[in-house]
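**Student:** Got work-v4.csv for you, CSV, C-alpha atoms:
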chain,number,residue,atom,x,y,z
A,1,MET,CA,-16.5,39.1,8.7
A,2,ASN,CA,-15.8,37.3,5.4
A,3,ARG,CA,-17.6,40.0,3.4
A,4,PHE,CA,-15.5,42.6,5.1
A,5,LYS,CA,-12.3,40.7,4.3
A,6,GLU,CA,-13.4,40.4,0.7
A,7,LEU,CA,-14.2,44.1,0.5
A,8,LEU,CA,-10.7,45.0,1.9
A,9,LYS,CA,-9.1,42.6,-0.6
A,10,ARG,CA,-10.9,44.2,-3.6
A,11,ILE,CA,-9.9,47.7,-2.3
A,12,GLY,CA,-6.3,46.5,-1.9
A,13,MET,CA,-6.2,45.1,-5.4
A,14,THR,CA,-7.7,48.3,-6.9
A,15,LEU,CA,-5.1,50.4,-5.0
A,16,ILE,CA,-2.3,48.1,-6.3
A,17,TYR,CA,-3.5,48.4,-9.8
A,18,PHE,CA,-3.7,52.2,-9.8
A,19,GLY,CA,-0.5,52.3,-7.9
A,20,GLY,CA,1.2,50.3,-10.6
A,21,VAL,CA,-0.3,52.6,-13.3
A,22,GLY,CA,1.0,55.6,-11.5
A,23,ILE,CA,4.5,54.1,-11.0
A,24,SER,CA,4.7,53.0,-14.6
A,25,TRP,CA,3.6,56.4,-16.0
A,26,SER,CA,6.0,58.2,-13.6
A,27,ALA,CA,8.9,55.9,-14.6
A,28,ALA,CA,8.1,56.5,-18.3
A,29,TYR,CA,8.0,60.3,-17.8
A,30,PHE,CA,11.4,60.5,-16.1
A,31,LEU,CA,12.9,57.9,-18.4
A,32,MET,CA,11.8,59.7,-21.6
A,33,ASN,CA,12.9,63.1,-20.2
A,34,TRP,CA,16.3,61.6,-19.5
A,35,ILE,CA,16.5,60.2,-23.0
A,36,TYR,CA,15.3,63.4,-24.6
A,37,SER,CA,17.9,65.4,-22.7
A,38,ARG,CA,20.5,63.5,-24.6
A,39,VAL,CA,19.0,62.8,-28.0
A,40,GLY,CA,16.7,65.8,-28.3
A,41,ARG,CA,12.9,66.2,-27.8
A,42,PRO,CA,10.5,65.4,-30.7
A,43,SER,CA,9.1,68.5,-32.4
A,44,SER,CA,5.6,67.0,-32.3
A,45,GLU,CA,3.8,67.1,-29.0
A,46,TYR,CA,1.6,64.3,-30.1
A,47,LEU,CA,4.6,62.1,-30.8
A,48,PHE,CA,6.1,63.0,-27.5
A,49,GLN,CA,2.9,62.0,-25.6
A,50,PHE,CA,2.4,58.8,-27.7
A,51,ILE,CA,6.0,57.5,-27.0
A,52,SER,CA,5.6,58.3,-23.3
A,53,VAL,CA,2.3,56.4,-23.1
A,54,MET,CA,3.7,53.4,-25.0
A,55,VAL,CA,6.8,53.2,-22.7
A,56,GLY,CA,4.5,53.5,-19.7
A,57,ILE,CA,2.4,50.5,-21.0
A,58,VAL,CA,5.6,48.5,-21.5
A,59,ILE,CA,6.8,49.3,-18.0
A,60,LEU,CA,3.4,48.4,-16.6
A,61,PHE,CA,3.4,45.1,-18.5
A,62,LEU,CA,6.9,44.2,-17.2
A,63,MET,CA,5.9,45.0,-13.6
A,64,ALA,CA,2.8,42.8,-14.0
A,65,LEU,CA,5.0,40.0,-15.4
A,66,VAL,CA,7.4,40.2,-12.5
A,67,PHE,CA,4.6,40.3,-10.0
A,68,SER,CA,3.0,37.3,-11.8
A,69,LYS,CA,6.2,35.3,-11.6
A,70,LEU,CA,6.5,36.0,-7.9
A,71,PHE,CA,2.9,35.1,-7.3
A,72,ARG,CA,3.2,31.9,-9.4
A,73,GLY,CA,6.2,30.9,-7.3
A,74,TRP,CA,3.9,31.0,-4.2
A,75,GLU,CA,1.2,29.2,-6.1
A,76,ARG,CA,3.7,26.4,-7.1
A,77,VAL,CA,4.5,25.9,-3.4
A,78,PHE,CA,0.8,26.0,-2.5
A,79,TYR,CA,-0.2,23.6,-5.3
A,80,LYS,CA,2.8,21.3,-4.5
A,81,SER,CA,1.6,20.8,-0.9
A,82,ILE,CA,-1.9,20.0,-2.2
A,83,ILE,CA,-0.7,17.6,-4.9
A,84,GLU,CA,1.5,15.8,-2.4
A,85,GLY,CA,-1.3,15.6,0.1
A,86,LEU,CA,-3.7,14.2,-2.5
A,87,GLY,CA,-1.0,11.7,-3.6
A,88,ARG,CA,-0.6,10.4,0.0
A,89,ILE,CA,-4.4,10.1,0.3
A,90,ALA,CA,-4.5,8.2,-3.0
A,91,LYS,CA,-1.9,5.7,-1.6
A,92,GLY,CA,-4.0,5.1,1.5
A,93,ASP,CA,-2.2,7.4,3.9
A,94,PHE,CA,-5.0,9.4,5.5
A,95,ASN,CA,-2.9,11.1,8.2
A,96,VAL,CA,-2.7,14.2,6.0
A,97,VAL,CA,-3.1,17.7,7.6
A,98,LEU,CA,-2.4,20.7,5.3
A,99,ASP,CA,-1.3,23.9,7.0
A,100,ASN,CA,-4.4,26.1,7.2
A,101,THR,CA,-3.0,28.7,9.5
A,102,LYS,CA,-1.9,30.9,6.5
A,103,ASP,CA,-4.2,33.2,4.7
A,104,TYR,CA,-4.8,31.4,1.4
A,105,GLY,CA,-7.7,33.6,0.4
A,106,ASP,CA,-10.1,31.8,-1.9
A,107,PHE,CA,-7.9,28.7,-1.7
A,108,GLY,CA,-8.5,28.4,2.0
A,109,GLU,CA,-11.7,26.4,1.4
A,110,ILE,CA,-9.8,23.9,-0.7
A,111,VAL,CA,-7.2,23.3,2.1
A,112,GLU,CA,-10.0,23.0,4.7
A,113,SER,CA,-11.9,20.6,2.5
A,114,ILE,CA,-8.9,18.4,1.9
A,115,ASN,CA,-8.2,18.2,5.7
A,116,VAL,CA,-11.9,17.3,6.4
A,117,MET,CA,-11.8,14.6,3.6
A,118,ALA,CA,-8.6,13.1,5.0
A,119,SER,CA,-10.0,13.0,8.5
A,120,GLU,CA,-13.3,11.3,7.4
A,121,LEU,CA,-11.4,8.8,5.2
A,122,SER,CA,-9.1,8.0,8.2
A,123,GLN,CA,-12.2,7.3,10.4
A,124,MET,CA,-13.7,5.2,7.6
A,125,GLU,CA,-10.4,3.2,7.3
A,126,THR,CA,-10.4,2.6,11.1
A,127,MET,CA,-14.0,1.4,11.0
A,128,ARG,CA,-13.1,-0.8,8.0
A,129,GLN,CA,-10.2,-2.4,9.8
A,130,ASP,CA,-12.3,-2.9,13.0
A,131,PHE,CA,-15.0,-4.4,10.9
A,132,ILE,CA,-12.7,-6.9,9.2
A,133,SER,CA,-11.1,-7.8,12.5
A,134,ASN,CA,-14.5,-8.3,14.2
A,135,VAL,CA,-15.9,-10.4,11.3
A,136,SER,CA,-12.7,-12.6,11.3
A,137,HIS,CA,-13.0,-13.1,15.1
A,138,GLU,CA,-16.7,-13.9,15.0
A,139,ILE,CA,-16.2,-16.4,12.2
A,140,GLN,CA,-13.0,-17.9,13.5
A,141,SER,CA,-14.5,-18.8,16.9
A,142,PRO,CA,-17.4,-21.1,15.7
A,143,LEU,CA,-15.2,-22.6,12.9
A,144,THR,CA,-12.6,-23.6,15.5
A,145,SER,CA,-15.3,-25.3,17.5
A,146,ILE,CA,-16.7,-27.0,14.5
A,147,ARG,CA,-13.2,-28.3,13.5
A,148,GLY,CA,-12.4,-29.4,17.0
A,149,PHE,CA,-15.6,-31.4,17.5
A,150,ALA,CA,-15.5,-32.8,14.0
A,151,LEU,CA,-12.1,-34.2,14.7
A,152,ALA,CA,-13.3,-35.5,18.0
A,153,LEU,CA,-16.1,-37.4,16.2
A,154,GLN,CA,-13.4,-39.4,14.4
A,155,ASP,CA,-12.8,-41.3,17.7
A,156,GLU,CA,-14.7,-44.6,17.2
A,157,THR,CA,-14.7,-45.2,21.0
A,158,LEU,CA,-17.0,-42.3,21.6
A,159,SER,CA,-20.3,-43.1,23.2
A,160,LYS,CA,-23.6,-42.3,21.5
A,161,GLU,CA,-24.4,-39.6,24.0
A,162,SER,CA,-21.0,-37.9,23.5
A,163,ARG,CA,-21.3,-38.2,19.7
A,164,ARG,CA,-24.8,-36.7,19.8
A,165,HIS,CA,-23.6,-33.9,22.1
A,166,TYR,CA,-20.7,-33.1,19.7
A,167,ILE,CA,-23.1,-33.1,16.7
A,168,ASN,CA,-25.5,-30.7,18.4
A,169,ILE,CA,-22.6,-28.3,19.1
A,170,ILE,CA,-21.5,-28.5,15.5
A,171,VAL,CA,-25.1,-27.7,14.3
A,172,ALA,CA,-25.4,-24.8,16.8
A,173,GLU,CA,-22.0,-23.3,15.7
A,174,SER,CA,-22.8,-23.7,12.0
A,175,THR,CA,-26.2,-22.0,12.6
A,176,ARG,CA,-24.3,-19.2,14.3
A,177,VAL,CA,-22.0,-18.7,11.3
A,178,SER,CA,-25.1,-18.8,9.0
A,179,GLY,CA,-26.9,-16.2,11.1
A,180,LEU,CA,-23.8,-13.9,11.1
A,181,SER,CA,-23.6,-14.2,7.3
A,182,ASP,CA,-27.3,-13.5,6.9
A,183,ASN,CA,-27.2,-10.4,9.1
A,184,LEU,CA,-24.1,-9.0,7.3
A,185,LEU,CA,-25.8,-9.5,4.0
A,186,LYS,CA,-29.0,-7.7,5.3
A,187,LEU,CA,-27.0,-4.8,6.7
A,188,SER,CA,-25.1,-4.5,3.4
A,189,ALA,CA,-28.3,-4.5,1.3
A,190,LEU,CA,-30.0,-2.0,3.6
A,191,GLU,CA,-27.1,0.4,3.6
A,192,SER,CA,-26.6,0.2,-0.1
A,193,GLY,CA,-30.3,0.8,-0.8
A,194,ASN,CA,-30.6,-2.4,-2.8
A,195,PHE,CA,-33.1,-4.0,-0.5
A,196,PRO,CA,-36.5,-4.3,-2.2
A,197,PHE,CA,-38.9,-2.2,-0.1
A,198,GLU,CA,-42.5,-3.2,-0.3
A,199,ASN,CA,-44.5,-1.1,2.2
A,200,GLN,CA,-47.9,-2.4,3.2
A,201,VAL,CA,-50.5,-1.5,5.7
A,202,TYR,CA,-51.0,-4.1,8.4
A,203,ARG,CA,-51.9,-4.5,12.1
A,204,LEU,CA,-48.9,-3.9,14.2
A,205,ASP,CA,-50.5,-5.4,17.4
A,206,LYS,CA,-51.1,-8.7,15.5
A,207,GLN,CA,-47.5,-8.8,14.4
A,208,LEU,CA,-46.2,-8.3,17.9
A,209,ARG,CA,-48.6,-10.9,19.2
A,210,ASP,CA,-47.4,-13.4,16.6
A,211,THR,CA,-43.8,-12.7,17.4
A,212,ILE,CA,-44.4,-13.3,21.1
A,213,LEU,CA,-46.1,-16.6,20.4
A,214,ALA,CA,-43.4,-17.7,18.0
A,215,SER,CA,-40.8,-17.1,20.8
A,216,GLU,CA,-42.9,-19.1,23.4
A,217,PRO,CA,-40.5,-22.0,23.7
A,218,GLN,CA,-37.6,-19.7,24.7
A,219,TRP,CA,-39.5,-17.8,27.4
A,220,LEU,CA,-41.2,-20.9,28.7
A,221,GLU,CA,-37.9,-22.6,29.0
A,222,LYS,CA,-36.7,-19.9,31.4
A,223,ASN,CA,-40.1,-19.5,33.0
A,224,ILE,CA,-40.2,-15.9,32.0
A,225,GLU,CA,-43.5,-14.1,32.4
A,226,VAL,CA,-44.4,-12.1,29.3
A,227,GLU,CA,-47.1,-9.4,29.6
A,228,ALA,CA,-48.4,-7.5,26.6
A,229,GLU,CA,-50.5,-4.3,26.4
A,230,LEU,CA,-51.3,-3.9,22.7
A,231,GLU,CA,-53.5,-1.2,21.3
A,232,GLU,CA,-55.1,-1.9,17.9
A,233,VAL,CA,-52.8,0.0,15.6
A,234,ASN,CA,-52.2,0.0,11.8
A,235,VAL,CA,-48.8,0.9,10.4
A,236,THR,CA,-47.3,1.2,6.9
A,237,ALA,CA,-44.0,-0.6,6.8
A,238,VAL,CA,-42.0,-3.5,5.3
A,239,LYS,CA,-43.6,-6.3,7.3
A,240,ASP,CA,-40.7,-8.8,7.1
A,241,LEU,CA,-38.1,-6.2,8.2
A,242,MET,CA,-40.2,-5.1,11.2
A,243,THR,CA,-40.7,-8.8,12.2
A,244,GLN,CA,-36.9,-8.9,12.3
A,245,VAL,CA,-36.9,-5.9,14.6
A,246,TRP,CA,-39.3,-7.3,17.1
A,247,THR,CA,-37.7,-10.8,17.0
A,248,ASN,CA,-34.2,-9.3,17.7
A,249,LEU,CA,-35.4,-7.1,20.6
A,250,LEU,CA,-37.5,-9.8,22.2
A,251,HIS,CA,-34.8,-12.5,21.9
A,252,ASN,CA,-32.3,-10.0,23.3
A,253,SER,CA,-34.5,-9.4,26.3
A,254,MET,CA,-35.0,-13.1,26.9
A,255,LYS,CA,-31.3,-13.8,26.6
A,256,PHE,CA,-30.4,-11.4,29.4
A,257,THR,CA,-33.4,-12.0,31.6
A,258,PRO,CA,-32.8,-14.6,34.3
A,259,GLN,CA,-35.0,-17.5,35.3
A,260,ASN,CA,-38.5,-16.4,36.6
A,261,GLY,CA,-38.0,-12.9,35.2
A,262,CYS,CA,-40.5,-10.7,33.4
A,263,ILE,CA,-40.8,-9.0,30.0
A,264,HIS,CA,-43.4,-6.3,29.5
A,265,ILE,CA,-44.4,-5.2,25.9
A,266,LYS,CA,-46.5,-2.1,25.3
A,267,LEU,CA,-47.9,-0.8,22.1
A,268,ARG,CA,-49.4,2.7,22.2
A,269,MET,CA,-50.0,5.8,20.1
A,270,VAL,CA,-48.3,9.0,21.3
A,271,ASP,CA,-48.6,12.3,19.5
A,272,GLU,CA,-49.1,11.0,16.0
A,273,ARG,CA,-46.5,8.4,16.4
A,274,VAL,CA,-46.6,4.7,17.3
A,275,GLU,CA,-44.4,3.5,20.2
A,276,VAL,CA,-43.5,0.0,21.0
A,277,GLU,CA,-41.7,-0.5,24.4
A,278,ILE,CA,-40.0,-3.8,25.3
A,279,GLN,CA,-39.0,-3.8,29.0
A,280,ASP,CA,-37.3,-6.6,30.8
A,281,SER,CA,-36.1,-7.4,34.3
A,282,GLY,CA,-32.7,-8.5,33.1
A,283,ILE,CA,-29.2,-7.8,34.1
A,284,GLY,CA,-29.2,-4.3,32.6
A,285,ILE,CA,-26.5,-2.3,30.7
A,286,SER,CA,-23.9,-0.1,32.3
A,287,GLU,CA,-23.9,3.6,31.6
A,288,GLU,CA,-20.6,3.5,29.7
A,289,ASP,CA,-21.9,0.8,27.3
A,290,LEU,CA,-25.3,2.4,26.5
A,291,PRO,CA,-24.0,4.8,23.8
A,292,ARG,CA,-22.4,2.0,21.9
A,293,ILE,CA,-24.8,-0.9,22.0
A,294,PHE,CA,-26.1,-0.1,18.4
A,295,ASP,CA,-22.5,-0.3,17.0
A,296,ARG,CA,-21.7,-3.3,14.9
A,297,PHE,CA,-20.2,-6.2,16.9
A,298,TYR,CA,-20.3,-4.3,20.1
A,299,LYS,CA,-21.0,-6.5,23.1
A,300,ALA,CA,-21.8,-4.9,26.4
A,301,ASP,CA,-21.5,-8.2,28.3
A,302,LYS,CA,-18.9,-10.1,26.3
A,303,ALA,CA,-18.8,-13.2,28.4
A,304,ARG,CA,-22.6,-13.7,28.3
A,305,THR,CA,-22.9,-12.8,24.6
A,306,ALA,CA,-20.2,-15.1,23.6
A,307,SER,CA,-21.7,-18.0,25.5
A,308,GLY,CA,-25.2,-17.1,24.1
A,309,GLY,CA,-24.0,-17.2,20.5
A,310,GLY,CA,-24.6,-13.5,19.8
A,311,SER,CA,-22.7,-11.8,17.0
A,312,GLY,CA,-23.2,-8.2,18.1
A,313,LEU,CA,-25.1,-7.4,14.9
A,314,GLY,CA,-28.7,-7.7,16.0
A,315,LEU,CA,-29.1,-4.2,17.5
A,316,SER,CA,-27.3,-2.6,14.6
A,317,LEU,CA,-29.8,-4.3,12.3
A,318,VAL,CA,-32.7,-3.1,14.4
A,319,LYS,CA,-31.4,0.5,14.3
A,320,LYS,CA,-30.9,0.5,10.6
A,321,ILE,CA,-34.3,-1.0,9.8
A,322,VAL,CA,-36.1,1.5,12.1
A,323,GLU,CA,-34.3,4.5,10.7
A,324,LEU,CA,-35.2,3.4,7.1
A,325,HIS,CA,-38.8,3.6,8.3
A,326,LYS,CA,-38.3,7.2,9.4
A,327,GLY,CA,-38.4,6.0,13.0
A,328,LYS,CA,-36.0,5.9,15.9
A,329,VAL,CA,-35.0,3.5,18.6
A,330,THR,CA,-33.9,4.5,22.1
A,331,VAL,CA,-32.8,2.5,25.2
A,332,ALA,CA,-32.8,3.1,28.9
A,333,SER,CA,-31.1,0.8,31.4
A,334,ARG,CA,-29.5,0.4,34.7
A,335,PRO,CA,-27.3,-2.6,35.9
A,336,GLY,CA,-29.4,-5.0,37.8
A,337,GLU,CA,-32.7,-3.2,37.1
A,338,GLY,CA,-33.4,-4.3,33.5
A,339,THR,CA,-33.5,-2.6,30.1
A,340,ALA,CA,-36.3,-0.9,28.1
A,341,PHE,CA,-36.1,-0.4,24.3
A,342,VAL,CA,-38.5,2.0,22.8
A,343,VAL,CA,-39.2,2.0,19.0
A,344,SER,CA,-41.0,5.0,17.6
A,345,LEU,CA,-42.6,4.9,14.2
A,346,PRO,CA,-44.6,7.4,12.1
A,347,MET,CA,-48.4,6.7,12.4
A,348,GLN,CA,-50.2,5.8,9.2
A,349,LYS,CA,-51.9,8.8,7.6
A,350,LYS,CA,-55.5,8.3,6.8
In structure tokens, write the structure found in this file.
**Tutor:**
Amino acid sequence: MNRFKELLKRIGMTLIYFGGVGISWSAAYFLMNWIYSRVGRPSSEYLFQFISVMVGIVILFLMALVFSKLFRGWERVFYKSIIEGLGRIAKGDFNVVLDNTKDYGDFGEIVESINVMASELSQMETMRQDFISNVSHEIQSPLTSIRGFALALQDETLSKESRRHYINIIVAESTRVSGLSDNLLKLSALESGNFPFENQVYRLDKQLRDTILASEPQWLEKNIEVEAELEEVNVTAVKDLMTQVWTNLLHNSMKFTPQNGCIHIKLRMVDERVEVEIQDSGIGISEEDLPRIFDRFYKADKARTASGGGSGLGLSLVKKIVELHKGKVTVASRPGEGTAFVVSLPMQKK
């Protein structure tokens, strides 16, 4: 369709050109005949033809000049709208939509590109504002607790038990702020590409087993039964980052699995890929929350997450790390029936 339009455009421009030549030559012929009828015709036929040609060229030039002025007038209007739009974008106003209903020809792509750029910048600005708002909220909450309990400690009549309780809360809240800061720094480093990647070959089953044992105090405290079916598998990855993935997913399952619940971890090879599934018998996630659980600061169960000290960054970090390893992470869940996270990674090539 575009090629057909371009062909029609070229045919049209050719017809306009030859039409202009015909008009200018005709105008020169009648003009010179009118002049010769009054002043007399030159005796030389060559001179007669030469003068007519030169007059025709002058008329053609004047017609082109007038047409150019008219076209430039349209161009000025067109460029003015583009310049004004870019000026608004430069000042931070991304609600710019240039009229693309007109036939701008080759300039249509410029108009469409500016509209797409403004739309994407608007989305980025919304995400930036949400990010700042969420960070401020997440930091403000523990700082308020720290300040409140620090002031309460100034009361000299407090008992040792109350004082110890307040100190434990301050330590927990400061740890929460520190964890938030650490996760933000990691996400920033991963997204900017400044994180030092040092891939190595190691036993993934051993890493998962070590992660489970390191979390033993947490799942024993809630009397959670942890089952593991781990095939012997080697992977090539950044070991420390993948430890972060398994720790985040396992702690997330333990947080939302009630007393006497169950967590089942499977490691298997499927079609030249390695799959790790962490399934729990927890409270589950609603269908409307599932598409957003990997978003930064998104909390599907806001009341429980707030009380549990979560920042809403853990799953975002998991997704980013897995994608950097050319893998993917998926989730399936139903409220009251538990949640299953599946991490799929490329298998090591021998």
**Student:** Which neighbours of A:Thr330 fall inside 8 Å, counting all atoms listed in the file, when residues of the same chain fewer than 6 positions from it are skipped, and could you give them as number ranges by chain?
**Tutor:** A: 341-343
**Student:** For atom CA of A:Gln244 and atom CA of A:Glu323, quote the distance in Å rounded to one decimal.
**Tutor:**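 Atom-to-atom, atom CA of A:Gln244 to atom CA of A:Glu323, that is 13.7 Å.
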**Student:** Take atom CA of A:Lys255 and atom CA of A:Leu180 and report the distance between them in Å, one decimal.
**Tutor:** 17.2 Å
**Student:** Separation of atom CA of A:Met32 and atom CA of A:Ile59, in Å?
**Tutor:**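 Between atom CA of A:Met32 and atom CA of A:Ile59 the gap works out to 12.1 Å.
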**Student:** Using all atoms listed in the file, which protein or nucleic acid residues come within 12 Å of A:Glu277? Drop anything in the same chain fewer than 5 positions from it, and give the result as a PDB file with C-alpha atoms, in the coordinates of the input.
**Tutor:**
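See around24.pdb below for the written result:
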ATOM      1  CA  LEU A 208     -46.200  -8.300  17.900  1.00  0.00           C
ATOM      2  CA  GLU A 227     -47.100  -9.400  29.600  1.00  0.00           C
ATOM      3  CA  ALA A 228     -48.400  -7.500  26.600  1.00  0.00           C
ATOM      4  CA  GLU A 229     -50.500  -4.300  26.400  1.00  0.00           C
ATOM      5  CA  LEU A 230     -51.300  -3.900  22.700  1.00  0.00           C
ATOM      6  CA  TRP A 246     -39.300  -7.300  17.100  1.00  0.00           C
ATOM      7  CA  LEU A 249     -35.400  -7.100  20.600  1.00  0.00           C
ATOM      8  CA  LEU A 250     -37.500  -9.800  22.200  1.00  0.00           C
ATOM      9  CA  SER A 253     -34.500  -9.400  26.300  1.00  0.00           C
ATOM     10  CA  ILE A 263     -40.800  -9.000  30.000  1.00  0.00           C
ATOM     11  CA  HIS A 264     -43.400  -6.300  29.500  1.00  0.00           C
ATOM     12  CA  ILE A 265     -44.400  -5.200  25.900  1.00  0.00           C
ATOM     13  CA  LYS A 266     -46.500  -2.100  25.300  1.00  0.00           C
ATOM     14  CA  LEU A 267     -47.900  -0.800  22.100  1.00  0.00           C
ATOM     15  CA  ARG A 268     -49.400   2.700  22.200  1.00  0.00           C
ATOM     16  CA  MET A 269     -50.000   5.800  20.100  1.00  0.00           C
ATOM     17  CA  VAL A 270     -48.300   9.000  21.300  1.00  0.00           C
ATOM     18  CA  VAL A 329     -35.000   3.500  18.600  1.00  0.00           C
ATOM     19  CA  THR A 330     -33.900   4.500  22.100  1.00  0.00           C
ATOM     20  CA  VAL A 331     -32.800   2.500  25.200  1.00  0.00           C
ATOM     21  CA  ALA A 332     -32.800   3.100  28.900  1.00  0.00           C
ATOM     22  CA  THR A 339     -33.500  -2.600  30.100  1.00  0.00           C
ATOM     23  CA  ALA A 340     -36.300  -0.900  28.100  1.00  0.00           C
ATOM     24  CA  PHE A 341     -36.100  -0.400  24.300  1.00  0.00           C
ATOM     25  CA  VAL A 342     -38.500   2.000  22.800  1.00  0.00           C
ATOM     26  CA  VAL A 343     -39.200   2.000  19.000  1.00  0.00           C
ATOM     27  CA  SER A 344     -41.000   5.000  17.600  1.00  0.00           C
ATOM     28  CA  LEU A 345     -42.600   4.900  14.200  1.00  0.00           C
TER      29      LEU A 345
END
**Student:** If we count only C-alpha atoms, what is near A:Val238 at a cut-off of 8 Å, once residues fewer than 5 positions away on the same chain are taken out, given as a ChimeraX atom specification?
**Tutor:** /A:197-200
**Student:** Which residue out of A:Tyr79, A:Phe61, A:Tyr202, A:Phe94 has the minimum interatomic distance to A:Met117 when all atoms listed in the file are used?
**Tutor:** A:Phe94
**Student:** Have a look at A:Ile114, A:Val274, A:Gly108, A:Lys320 and name the one nearest to A:Ile82; count only C-alpha atoms.
**Tutor:** A:Ile114
**Student:** So which residues are close to (-39.7, -16.0, 31.2), meaning at most 12 Å away in the file's coordinates with all atoms listed in the file counted, and can you show them as a PyMOL selection string?
**Tutor:** chain A and resi 212+215-227+250-251+253-264+280-282
**Student:** Report as an mmCIF file with C-alpha atoms, keeping the file's coordinate frame all protein, DNA and RNA residues lying within 8 Å of A:Ile169, evaluated on all atoms listed in the file, omitting residues in the same chain fewer than 3 positions from it.
**Tutor:**
data_model
loop_
_atom_site.group_PDB
_atom_site.id
_atom_site.type_symbol
_atom_site.label_atom_id
_atom_site.label_comp_id
_atom_site.auth_asym_id
_atom_site.auth_seq_id
_atom_site.Cartn_x
_atom_site.Cartn_y
_atom_site.Cartn_z
ATOM 1 C CA ILE A 146 -16.700 -27.000 14.500
ATOM 2 C CA PHE A 149 -15.600 -31.400 17.500
ATOM 3 C CA HIS A 165 -23.600 -33.900 22.100
ATOM 4 C CA TYR A 166 -20.700 -33.100 19.700
ATOM 5 C CA ALA A 172 -25.400 -24.800 16.800
ATOM 6 C CA GLU A 173 -22.000 -23.300 15.700
#
**Student:** Hey, which of A:Val245, A:Met63, A:Leu204, A:Leu47 ends up closest to A:Glu232? Count only C-alpha atoms.
**Tutor:**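 The closest residue to A:Glu232 is A:Leu204.
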**Student:** Taking into account only C-alpha atoms, which residue in the set A:Val276, A:Ile11, A:Val171, A:Val55 is nearest to A:Tyr29?
**Tutor:** A:Val55
**Student:** From (-1.8, 13.6, 2.6), in the file's coordinates, out to 10 Å: which residues are reached, counting all atoms listed in the file? Answer as a list in words.
**Tutor:**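 Residues lying no farther than 10 Å from the given point: Ser81, Ile82, Ile83, Glu84, Gly85, Leu86, Gly87, Arg88, Ile89, Ala90, Lys91, Gly92, Asp93, Phe94, Asn95, Val96, Val97, Leu98, Ile114, Asn115 and Ala118 of chain A.
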**Student:** With distances taken over all atoms listed in the file, which residue among A:Leu313, A:Met347, A:Ala28, A:Met124 lies nearest A:Asn234?
**Tutor:**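 Under the stated criterion, the closest residue is A:Met347.
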